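Peer 1: Data file final03.csv (CSV, C-alpha atoms) is appended below.
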chain,number,residue,atom,x,y,z
Y,93,MET,CA,0.0,0.0,0.0
Y,94,ASN,CA,1.2,3.5,-0.9
Y,95,THR,CA,1.8,5.6,2.2
Y,96,ARG,CA,0.9,8.8,0.4
Y,97,GLN,CA,-2.6,7.7,-0.4
Y,98,PRO,CA,-4.0,8.5,3.0
Y,99,LEU,CA,-2.3,11.9,2.9
Y,100,LYS,CA,-4.1,12.8,-0.3
Y,101,ILE,CA,-7.4,12.3,1.5
Y,102,LEU,CA,-6.4,13.7,4.9
Y,103,ILE,CA,-5.0,17.0,3.8
Y,104,PRO,CA,-8.1,18.2,2.0
Y,105,CYS,CA,-10.3,17.1,4.9
Y,106,LEU,CA,-8.1,19.0,7.3
Y,107,LEU,CA,-8.3,22.2,5.2
Y,108,VAL,CA,-12.1,21.9,5.0
Y,109,ALA,CA,-12.3,21.4,8.7
Y,110,CYS,CA,-10.2,24.5,9.3
Y,111,LEU,CA,-12.3,26.6,7.0
Y,112,VAL,CA,-15.5,25.5,8.7
Y,113,ALA,CA,-14.1,26.2,12.1
Y,114,THR,CA,-12.9,29.7,11.0
Y,115,ASP,CA,-16.4,30.6,9.8
Y,116,ALA,CA,-18.0,29.3,13.0
Y,117,VAL,CA,-15.6,31.5,15.1
Y,118,ALA,CA,-16.3,34.5,12.9
Y,119,LEU,CA,-20.0,34.1,13.3
Y,120,THR,CA,-19.8,33.8,17.1
Y,121,ARG,CA,-17.6,36.8,17.4
Y,122,SER,CA,-19.8,39.0,15.2
Y,123,GLY,CA,-22.9,38.1,17.1
Y,124,PRO,CA,-26.4,37.9,15.8
Y,125,PRO,CA,-27.4,40.2,13.0
Y,126,ALA,CA,-28.8,43.6,14.0
Y,127,PRO,CA,-32.6,43.7,14.2
Y,128,VAL,CA,-34.4,45.6,11.5
Y,129,SER,CA,-36.4,48.5,13.0
Y,130,LEU,CA,-39.7,49.0,11.3
Y,131,ALA,CA,-40.0,52.4,13.0
Y,132,GLU,CA,-37.0,53.7,11.0
Y,133,PRO,CA,-37.9,54.2,7.3
Y,134,SER,CA,-35.3,53.3,4.7
Y,135,GLY,CA,-34.9,53.9,1.0
Y,136,TRP,CA,-37.4,56.3,-0.6
Y,137,ALA,CA,-39.6,56.4,2.5
Y,138,ARG,CA,-36.6,57.9,4.4
Y,139,VAL,CA,-36.1,60.5,1.6
Y,140,LEU,CA,-39.7,61.5,1.7
Y,141,LYS,CA,-39.5,61.9,5.5
Y,142,ASP,CA,-36.1,63.4,6.1
Y,143,GLY,CA,-35.0,64.7,2.7
Y,144,VAL,CA,-31.6,64.3,1.1
Y,145,SER,CA,-28.3,64.9,3.0
Y,146,LEU,CA,-25.6,67.0,1.5
Y,147,ASP,CA,-23.5,63.8,0.9
Y,148,GLU,CA,-26.4,62.2,-0.9
Y,149,ALA,CA,-26.8,65.3,-3.0
Y,150,VAL,CA,-23.1,65.3,-3.9
Y,151,SER,CA,-23.4,61.6,-5.0
Y,152,ILE,CA,-26.4,62.4,-7.2
Y,153,VAL,CA,-24.6,65.3,-8.9
Y,154,ARG,CA,-21.4,63.1,-9.4
Y,155,LYS,CA,-23.5,60.4,-11.1
Y,156,ARG,CA,-25.3,62.9,-13.3
Y,157,TYR,CA,-22.4,65.2,-14.4
Y,158,GLY,CA,-19.1,63.5,-13.5
Y,159,GLY,CA,-16.2,65.8,-12.9
Y,160,ARG,CA,-14.8,66.8,-9.5
Y,161,VAL,CA,-16.7,68.5,-6.7
Y,162,ILE,CA,-14.9,71.6,-5.6
Y,163,ASN,CA,-17.5,73.0,-3.1
Y,164,ALA,CA,-20.7,71.8,-1.5
Y,165,ARG,CA,-22.9,73.6,0.9
Y,166,THR,CA,-26.5,73.8,2.1
Y,167,ARG,CA,-28.4,77.1,2.1
Y,168,ASN,CA,-31.8,78.4,2.7
Y,169,ASP,CA,-33.4,79.7,-0.5
Y,170,ASN,CA,-36.8,81.5,0.2
Y,171,GLY,CA,-37.5,79.2,3.1
Y,172,ARG,CA,-36.5,76.0,1.2
Y,173,LYS,CA,-33.3,74.0,1.9
Y,174,VAL,CA,-31.1,73.8,-1.2
Y,175,HIS,CA,-27.8,71.9,-1.6
Y,176,VAL,CA,-25.5,73.9,-3.8
Y,177,ILE,CA,-22.7,71.9,-5.4
Y,178,LYS,CA,-19.9,73.3,-7.6
Y,179,ILE,CA,-18.2,70.8,-9.9
Y,180,LEU,CA,-15.2,71.2,-12.2
Y,181,SER,CA,-15.9,69.3,-15.4
Y,182,ASP,CA,-13.4,67.3,-17.3
Y,183,GLU,CA,-13.3,70.2,-19.8
Y,184,GLY,CA,-12.2,72.6,-17.1
Y,185,ARG,CA,-15.6,74.4,-16.7
Y,186,VAL,CA,-17.1,75.2,-13.3
Y,187,ARG,CA,-20.8,74.3,-13.0
Y,188,GLU,CA,-23.1,75.1,-10.0
Y,189,VAL,CA,-25.8,72.5,-9.5
Y,190,ARG,CA,-28.7,73.0,-7.1
Y,191,VAL,CA,-30.4,70.1,-5.5
Y,192,ASP,CA,-33.7,70.4,-3.6
Y,193,ALA,CA,-32.9,69.0,-0.1
Y,194,ASP,CA,-36.4,67.7,0.5
Y,195,SER,CA,-36.9,65.8,-2.8
Y,196,GLY,CA,-33.4,65.2,-4.1
Y,197,ASN,CA,-34.5,66.7,-7.5
Y,198,LEU,CA,-32.1,68.8,-9.5
Y,199,MET,CA,-33.2,72.4,-9.8
Would you mind writing the structure in this file as structure tokens?
Peer 2:
Amino acid sequence: MNTRQPLKILIPCLLVACLVATDAVALTRSGPPAPVSLAEPSGWARVLKDGVSLDEAVSIVRKRYGGRVINARTRNDNGRKVHVIKILSDEGRVREVRVDADSGNLM
């Protein structure tokens, strides 16, 4: 009988056992998943309730126009919150984009 034959079976089994043990340890350390709160809205429901943050507005503008954001601020425009974001286009032009803070719509 070849003495290497059992090693060909034993080594993969040991590797699988180590991987399973590592996953089990990781799961016990991380604890159970965080409960989902039905009281806190998410997605579009959150946008309708809280509006759009300045970071979210910057992300919207980046996706729409590309370029590099050079300034972003929130201001009050006739009683309405507006995010004003200045971007530098790839062509070297500066563009000011206004985002309604309540709806996330470009103005």
Peer 1: Expressed in Å to a single decimal, how great is the separation between CA of Ile152 in chain Y and CA of Asp194 in chain Y?
Peer 2: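 We find that CA of Ile152 in chain Y and CA of Asp194 in chain Y lie 13.7 Å from each other.
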Peer 1: Using only C-alpha atoms, which residue out of Y:Arg160, Y:Arg165, Y:Val153, Y:Gly196 lies closest to Asp182 in chain Y?
Peer 2: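 Using only C-alpha atoms, Asp182 in chain Y sits closest to Y:Arg160.
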Peer 1: Rounded to one decimal, what separation in Å do you get between CA of Ser181 in chain Y and CA of Asn163 in chain Y?
Peer 2: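 Going from CA of Ser181 in chain Y over to CA of Asn163 in chain Y, I get 12.9 Å.
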Peer 1: (-20.7, 63.0, -9.1) in this file's frame - what residues fall within 12 Å of it? Use all atoms listed in the file and give the answer as a ChimeraX atom specification.
Peer 2: /Y:147-162,164,177-182,187,189
Peer 1: Work out how far apart CA of Ser195 in chain Y and CA of His175 in chain Y are and give it in Å to one decimal.
Peer 2: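 Calculated distance between CA of Ser195 in chain Y and CA of His175 in chain Y is 11.0 Å.
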Peer 1: Need the shell around Met199 in chain Y: protein/DNA/RNA residues with any atom at most 8 Å away, counting all atoms listed in the file. Skip same-chain ones fewer than 3 positions apart. Format as a count of residues only?
Peer 2: 4
Peer 1: Ranking Y:Glu183, Y:Ala193, Y:Glu188, Y:Leu102 by minimum distance to Gly171 in chain Y and counting only C-alpha atoms, which one comes first?
Peer 2: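 Once distances to Gly171 in chain Y are computed over only C-alpha atoms, the minimum belongs to Y:Ala193.
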Peer 1: Using all atoms listed in the file for the distances, tell me which of Y:Asp169, Y:Val176, Y:Val186, Y:Ile101 is nearest to Leu146 in chain Y.
Peer 2: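 The answer is Y:Val176, which sits nearest to Leu146 in chain Y.
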